>>> print(open('work20.cif').read())   # mmCIF, N, CA and C atoms and all ligand atoms
data_work
loop_
_atom_site.group_PDB
_atom_site.id
_atom_site.type_symbol
_atom_site.label_atom_id
_atom_site.label_comp_id
_atom_site.auth_asym_id
_atom_site.auth_seq_id
_atom_site.Cartn_x
_atom_site.Cartn_y
_atom_site.Cartn_z
ATOM 1 N N MET A 1 -0.756 -13.514 -19.447
ATOM 2 C CA MET A 1 -1.171 -14.116 -18.177
ATOM 3 C C MET A 1 -0.146 -13.759 -17.091
ATOM 4 N N ALA A 2 -0.656 -13.192 -16.012
ATOM 5 C CA ALA A 2 0.246 -12.800 -14.930
ATOM 6 C C ALA A 2 -0.473 -12.946 -13.601
ATOM 7 N N TYR A 3 0.276 -13.335 -12.583
ATOM 8 C CA TYR A 3 -0.306 -13.438 -11.246
ATOM 9 C C TYR A 3 -0.367 -12.060 -10.612
ATOM 10 N N LYS A 4 -1.511 -11.793 -9.971
ATOM 11 C CA LYS A 4 -1.705 -10.509 -9.310
ATOM 12 C C LYS A 4 -2.344 -10.735 -7.953
ATOM 13 N N ILE A 5 -2.250 -9.722 -7.101
ATOM 14 C CA ILE A 5 -2.866 -9.780 -5.781
ATOM 15 C C ILE A 5 -4.009 -8.766 -5.726
ATOM 16 N N ASP A 6 -5.172 -9.247 -5.343
ATOM 17 C CA ASP A 6 -6.339 -8.372 -5.190
ATOM 18 C C ASP A 6 -6.168 -7.582 -3.894
ATOM 19 N N ASN A 7 -5.936 -6.295 -4.053
ATOM 20 C CA ASN A 7 -5.667 -5.424 -2.917
ATOM 21 C C ASN A 7 -6.824 -5.381 -1.918
ATOM 22 N N ASN A 8 -8.026 -5.598 -2.388
ATOM 23 C CA ASN A 8 -9.198 -5.551 -1.499
ATOM 24 C C ASN A 8 -9.332 -6.821 -0.667
ATOM 25 N N LEU A 9 -8.755 -7.920 -1.132
ATOM 26 C CA LEU A 9 -8.850 -9.194 -0.407
ATOM 27 C C LEU A 9 -7.624 -9.450 0.470
ATOM 28 N N CYS A 10 -6.466 -8.955 0.061
ATOM 29 C CA CYS A 10 -5.226 -9.197 0.788
ATOM 30 C C CYS A 10 -5.301 -8.640 2.208
ATOM 31 N N VAL A 11 -4.928 -9.480 3.186
ATOM 32 C CA VAL A 11 -4.935 -9.039 4.588
ATOM 33 C C VAL A 11 -3.516 -8.784 5.105
ATOM 34 N N GLY A 12 -2.544 -8.834 4.209
ATOM 35 C CA GLY A 12 -1.171 -8.491 4.572
ATOM 36 C C GLY A 12 -0.471 -9.489 5.469
ATOM 37 N N CYS A 13 -0.871 -10.752 5.394
ATOM 38 C CA CYS A 13 -0.262 -11.758 6.282
ATOM 39 C C CYS A 13 1.171 -12.114 5.874
ATOM 40 N N CYS A 14 1.514 -11.831 4.623
ATOM 41 C CA CYS A 14 2.857 -12.076 4.072
ATOM 42 C C CYS A 14 3.226 -13.549 3.891
ATOM 43 N N ALA A 15 2.237 -14.431 3.956
ATOM 44 C CA ALA A 15 2.515 -15.850 3.701
ATOM 45 C C ALA A 15 3.038 -16.053 2.281
ATOM 46 N N CYS A 16 2.569 -15.234 1.378
ATOM 47 C CA CYS A 16 2.987 -15.369 -0.022
ATOM 48 C C CYS A 16 4.463 -15.026 -0.211
ATOM 49 N N ILE A 17 4.949 -14.065 0.546
ATOM 50 C CA ILE A 17 6.345 -13.636 0.389
ATOM 51 C C ILE A 17 7.290 -14.810 0.622
ATOM 52 N N GLY A 18 7.080 -15.535 1.705
ATOM 53 C CA GLY A 18 7.951 -16.657 2.029
ATOM 54 C C GLY A 18 7.802 -17.824 1.085
ATOM 55 N N SER A 19 6.664 -17.916 0.413
ATOM 56 C CA SER A 19 6.430 -19.061 -0.469
ATOM 57 C C SER A 19 6.981 -18.851 -1.871
ATOM 58 N N CYS A 20 7.320 -17.618 -2.207
ATOM 59 C CA CYS A 20 7.760 -17.345 -3.580
ATOM 60 C C CYS A 20 9.238 -17.678 -3.781
ATOM 61 N N PRO A 21 9.548 -18.617 -4.675
ATOM 62 C CA PRO A 21 10.941 -19.016 -4.904
ATOM 63 C C PRO A 21 11.755 -17.966 -5.649
ATOM 64 N N GLU A 22 11.087 -16.996 -6.223
ATOM 65 C CA GLU A 22 11.787 -15.959 -7.008
ATOM 66 C C GLU A 22 11.915 -14.631 -6.261
ATOM 67 N N SER A 23 11.459 -14.597 -5.008
ATOM 68 C CA SER A 23 11.448 -13.343 -4.243
ATOM 69 C C SER A 23 10.773 -12.215 -5.039
ATOM 70 N N ALA A 24 9.652 -12.563 -5.630
ATOM 71 C CA ALA A 24 8.957 -11.612 -6.509
ATOM 72 C C ALA A 24 7.855 -10.838 -5.794
ATOM 73 N N ILE A 25 7.640 -11.127 -4.498
ATOM 74 C CA ILE A 25 6.554 -10.457 -3.781
ATOM 75 C C ILE A 25 7.119 -9.561 -2.689
ATOM 76 N N GLU A 26 6.590 -8.353 -2.640
ATOM 77 C CA GLU A 26 7.050 -7.371 -1.654
ATOM 78 C C GLU A 26 5.862 -6.822 -0.875
ATOM 79 N N GLN A 27 6.151 -6.405 0.354
ATOM 80 C CA GLN A 27 5.105 -5.775 1.154
ATOM 81 C C GLN A 27 5.094 -4.281 0.846
ATOM 82 N N LYS A 28 3.886 -3.749 0.699
ATOM 83 C CA LYS A 28 3.745 -2.327 0.372
ATOM 84 C C LYS A 28 2.457 -1.820 1.007
ATOM 85 N N ASN A 29 2.566 -0.855 1.888
ATOM 86 C CA ASN A 29 1.395 -0.273 2.553
ATOM 87 C C ASN A 29 0.504 -1.332 3.201
ATOM 88 N N ASP A 30 1.110 -2.250 3.950
ATOM 89 C CA ASP A 30 0.393 -3.301 4.672
ATOM 90 C C ASP A 30 -0.305 -4.322 3.778
ATOM 91 N N LYS A 31 -0.005 -4.298 2.475
ATOM 92 C CA LYS A 31 -0.517 -5.306 1.556
ATOM 93 C C LYS A 31 0.696 -5.885 0.851
ATOM 94 N N CYS A 32 0.468 -6.880 -0.009
ATOM 95 C CA CYS A 32 1.585 -7.399 -0.778
ATOM 96 C C CYS A 32 1.338 -7.214 -2.265
ATOM 97 N N VAL A 33 2.424 -7.034 -2.993
ATOM 98 C CA VAL A 33 2.330 -6.849 -4.440
ATOM 99 C C VAL A 33 3.349 -7.761 -5.124
ATOM 100 N N ILE A 34 2.972 -8.222 -6.311
ATOM 101 C CA ILE A 34 3.851 -9.091 -7.094
ATOM 102 C C ILE A 34 4.611 -8.253 -8.113
ATOM 103 N N ASN A 35 5.924 -8.409 -8.117
ATOM 104 C CA ASN A 35 6.768 -7.740 -9.103
ATOM 105 C C ASN A 35 6.748 -8.593 -10.378
ATOM 106 N N SER A 36 6.036 -8.117 -11.367
ATOM 107 C CA SER A 36 5.835 -8.913 -12.580
ATOM 108 C C SER A 36 7.127 -9.191 -13.340
ATOM 109 N N SER A 37 8.145 -8.377 -13.118
ATOM 110 C CA SER A 37 9.407 -8.612 -13.828
ATOM 111 C C SER A 37 10.190 -9.778 -13.224
ATOM 112 N N LYS A 38 9.854 -10.143 -11.978
ATOM 113 C CA LYS A 38 10.529 -11.283 -11.339
ATOM 114 C C LYS A 38 9.666 -12.546 -11.354
ATOM 115 N N CYS A 39 8.353 -12.393 -11.403
ATOM 116 C CA CYS A 39 7.435 -13.531 -11.312
ATOM 117 C C CYS A 39 7.560 -14.459 -12.516
ATOM 118 N N VAL A 40 7.639 -15.767 -12.237
ATOM 119 C CA VAL A 40 7.741 -16.758 -13.308
ATOM 120 C C VAL A 40 6.444 -17.561 -13.441
ATOM 121 N N SER A 41 5.373 -17.071 -12.800
ATOM 122 C CA SER A 41 4.039 -17.671 -12.900
ATOM 123 C C SER A 41 3.988 -19.141 -12.478
ATOM 124 N N CYS A 42 4.702 -19.469 -11.410
ATOM 125 C CA CYS A 42 4.701 -20.860 -10.934
ATOM 126 C C CYS A 42 3.412 -21.201 -10.190
ATOM 127 N N GLY A 43 2.746 -20.191 -9.617
ATOM 128 C CA GLY A 43 1.477 -20.419 -8.937
ATOM 129 C C GLY A 43 1.567 -20.842 -7.478
ATOM 130 N N ILE A 44 2.767 -20.944 -6.942
ATOM 131 C CA ILE A 44 2.929 -21.389 -5.552
ATOM 132 C C ILE A 44 2.278 -20.411 -4.578
ATOM 133 N N CYS A 45 2.427 -19.134 -4.840
ATOM 134 C CA CYS A 45 1.850 -18.137 -3.935
ATOM 135 C C CYS A 45 0.334 -18.230 -3.891
ATOM 136 N N GLU A 46 -0.266 -18.502 -5.023
ATOM 137 C CA GLU A 46 -1.728 -18.632 -5.090
ATOM 138 C C GLU A 46 -2.193 -19.748 -4.155
ATOM 139 N N THR A 47 -1.451 -20.838 -4.145
ATOM 140 C CA THR A 47 -1.788 -21.979 -3.295
ATOM 141 C C THR A 47 -1.651 -21.638 -1.817
ATOM 142 N N ASN A 48 -0.728 -20.752 -1.496
ATOM 143 C CA ASN A 48 -0.429 -20.456 -0.095
ATOM 144 C C ASN A 48 -1.210 -19.287 0.505
ATOM 145 N N CYS A 49 -1.934 -18.566 -0.294
ATOM 146 C CA CYS A 49 -2.688 -17.431 0.245
ATOM 147 C C CYS A 49 -3.950 -17.920 0.956
ATOM 148 N N PRO A 50 -4.098 -17.625 2.249
ATOM 149 C CA PRO A 50 -5.233 -18.136 3.034
ATOM 150 C C PRO A 50 -6.579 -17.506 2.681
ATOM 151 N N VAL A 51 -6.540 -16.377 1.982
ATOM 152 C CA VAL A 51 -7.820 -15.727 1.647
ATOM 153 C C VAL A 51 -8.065 -15.665 0.135
ATOM 154 N N SER A 52 -7.295 -16.450 -0.600
ATOM 155 C CA SER A 52 -7.464 -16.519 -2.073
ATOM 156 C C SER A 52 -7.437 -15.143 -2.740
ATOM 157 N N ALA A 53 -6.476 -14.336 -2.323
ATOM 158 C CA ALA A 53 -6.364 -12.991 -2.878
ATOM 159 C C ALA A 53 -5.508 -12.957 -4.143
ATOM 160 N N ILE A 54 -4.844 -14.080 -4.434
ATOM 161 C CA ILE A 54 -3.943 -14.106 -5.603
ATOM 162 C C ILE A 54 -4.626 -14.819 -6.758
ATOM 163 N N PHE A 55 -4.581 -14.164 -7.896
ATOM 164 C CA PHE A 55 -5.273 -14.706 -9.078
ATOM 165 C C PHE A 55 -4.422 -14.481 -10.318
ATOM 166 N N ILE A 56 -4.771 -15.214 -11.374
ATOM 167 C CA ILE A 56 -4.050 -15.034 -12.629
ATOM 168 C C ILE A 56 -5.009 -14.431 -13.639
ATOM 169 N N GLU A 57 -4.483 -13.491 -14.415
ATOM 170 C CA GLU A 57 -5.330 -12.880 -15.448
ATOM 171 C C GLU A 57 -4.508 -12.657 -16.701
HETATM 172 S S1 LIG A 101 -0.740 -14.549 1.385
HETATM 173 FE FE1 LIG A 101 -2.562 -13.547 0.503
HETATM 174 S S2 LIG A 101 -3.430 -12.336 2.178
HETATM 175 FE FE2 LIG A 101 -1.344 -12.900 2.765
HETATM 176 S S3 LIG A 101 -0.105 -11.107 2.113
HETATM 177 FE FE3 LIG A 101 -0.078 -12.621 0.440
HETATM 178 S S4 LIG A 101 -1.754 -12.028 -0.935
HETATM 179 FE FE4 LIG A 101 -2.071 -10.999 1.024
HETATM 180 S S1 LIG A 102 3.538 -17.128 -9.231
HETATM 181 FE FE1 LIG A 102 5.442 -18.024 -8.371
HETATM 182 S S2 LIG A 102 7.061 -16.613 -8.999
HETATM 183 FE FE2 LIG A 102 5.136 -15.520 -9.256
HETATM 184 S S3 LIG A 102 4.870 -14.394 -7.359
HETATM 185 FE FE3 LIG A 102 3.770 -16.349 -7.133
HETATM 186 S S4 LIG A 102 5.238 -17.746 -6.163
HETATM 187 FE FE4 LIG A 102 6.379 -15.985 -6.963
#
>>> encode(input="work20.cif", output="structure tokens")
Amino acid sequence: MAYKIDNNLCVGCCACIGSCPESAIEQKNDKCVINSSKCVSCGICETNCPVSAIFIE
């Protein structure tokens, strides 16, 4: 189980970056991506994404 960002839904607002306590999210090509090696699956970013682009699988 890992949190991921749906590239097709992400609008690049970067709200998730500031919400992540582990600094596990980076901006890349106007979208954001989660660094799975830093992510601790707390789910805070999912709550803060305004377009529900973050999901767990
Ligand atoms: S908060 Fe959501 S829409 Fe905004 S950059 Fe992060 S994943 Fe993309
Ligand atoms: S689940 Fe938590 S640790 Fe992982 S990217 Fe989101 S806010 Fe950061």
>>> closest_atom_pairs(input="work20.cif", of="chain A", to="ligand LIG 101 (chain A)", cutoff="6 Å", atoms="all atoms listed in the file", output="CSV")
residue,atom,partner,partner_atom,distance
A:Ile5,CA,A:LIG101,S4,5.5
A:Leu9,C,A:LIG101,S2,5.4
A:Cys10,CA,A:LIG101,FE4,3.6
A:Val11,N,A:LIG101,S2,3.4
A:Gly12,C,A:LIG101,S3,3.7
A:Cys13,N,A:LIG101,S3,3.4
A:Cys14,N,A:LIG101,S3,3.1
A:Ala15,N,A:LIG101,S1,3.9
A:Cys16,N,A:LIG101,S1,3.4
A:Ile17,N,A:LIG101,FE3,5.2
A:Lys31,C,A:LIG101,S3,5.4
A:Cys32,N,A:LIG101,S3,4.8
A:Asn48,C,A:LIG101,S1,4.8
A:Cys49,CA,A:LIG101,S1,3.7
A:Pro50,N,A:LIG101,S1,4.6
A:Val51,N,A:LIG101,FE1,5.1
A:Ser52,N,A:LIG101,FE1,5.7
A:Ala53,N,A:LIG101,FE1,4.9
A:Ile54,N,A:LIG101,S4,5.1
>>> resolve_selection(input="work20.cif", expression="the PyMOL selection byres (((not hetatm)) within 6.5 of (chain A and resi 102))", output="list in words")
Tyr3, Ser19, Cys20, Pro21, Glu22, Ser23, Ala24, Ile25, Ile34, Asn35, Lys38, Cys39, Val40, Ser41, Cys42, Gly43, Ile44, Cys45 and Glu46 of chain A
>>> closest_residue(input="work20.cif", among="A:Gly18, A:Thr47, A:Ser36, A:Asn29", to="Met1 (chain A)", atoms="only C-alpha atoms")
A:Ser36
>>> axis_aligned_box(input="work20.cif", around="region 37-50 of chain A", padding_each_side="8 Å", output="lines of an AutoDock Vina configuration file")
center_x = 2.0
center_y = -15.2
center_z = -5.4
size_x = 33.1
size_y = 29.6
size_z = 32.9
>>> select_by_dssp(input="work20.cif", residues="chain A", states="strand (DSSP E)", output="count of residues only")
14
>>> select_by_dssp(input="work20.cif", residues="chain A", states="alpha helix (DSSP H)", output="PyMOL selection string")
chain A and resi 15-19+44-48
>>> atom_distance(input="work20.cif", atom1="atom C of Glu57 (chain A)", atom2="atom C of Asp30 (chain A)")
22.5 Å
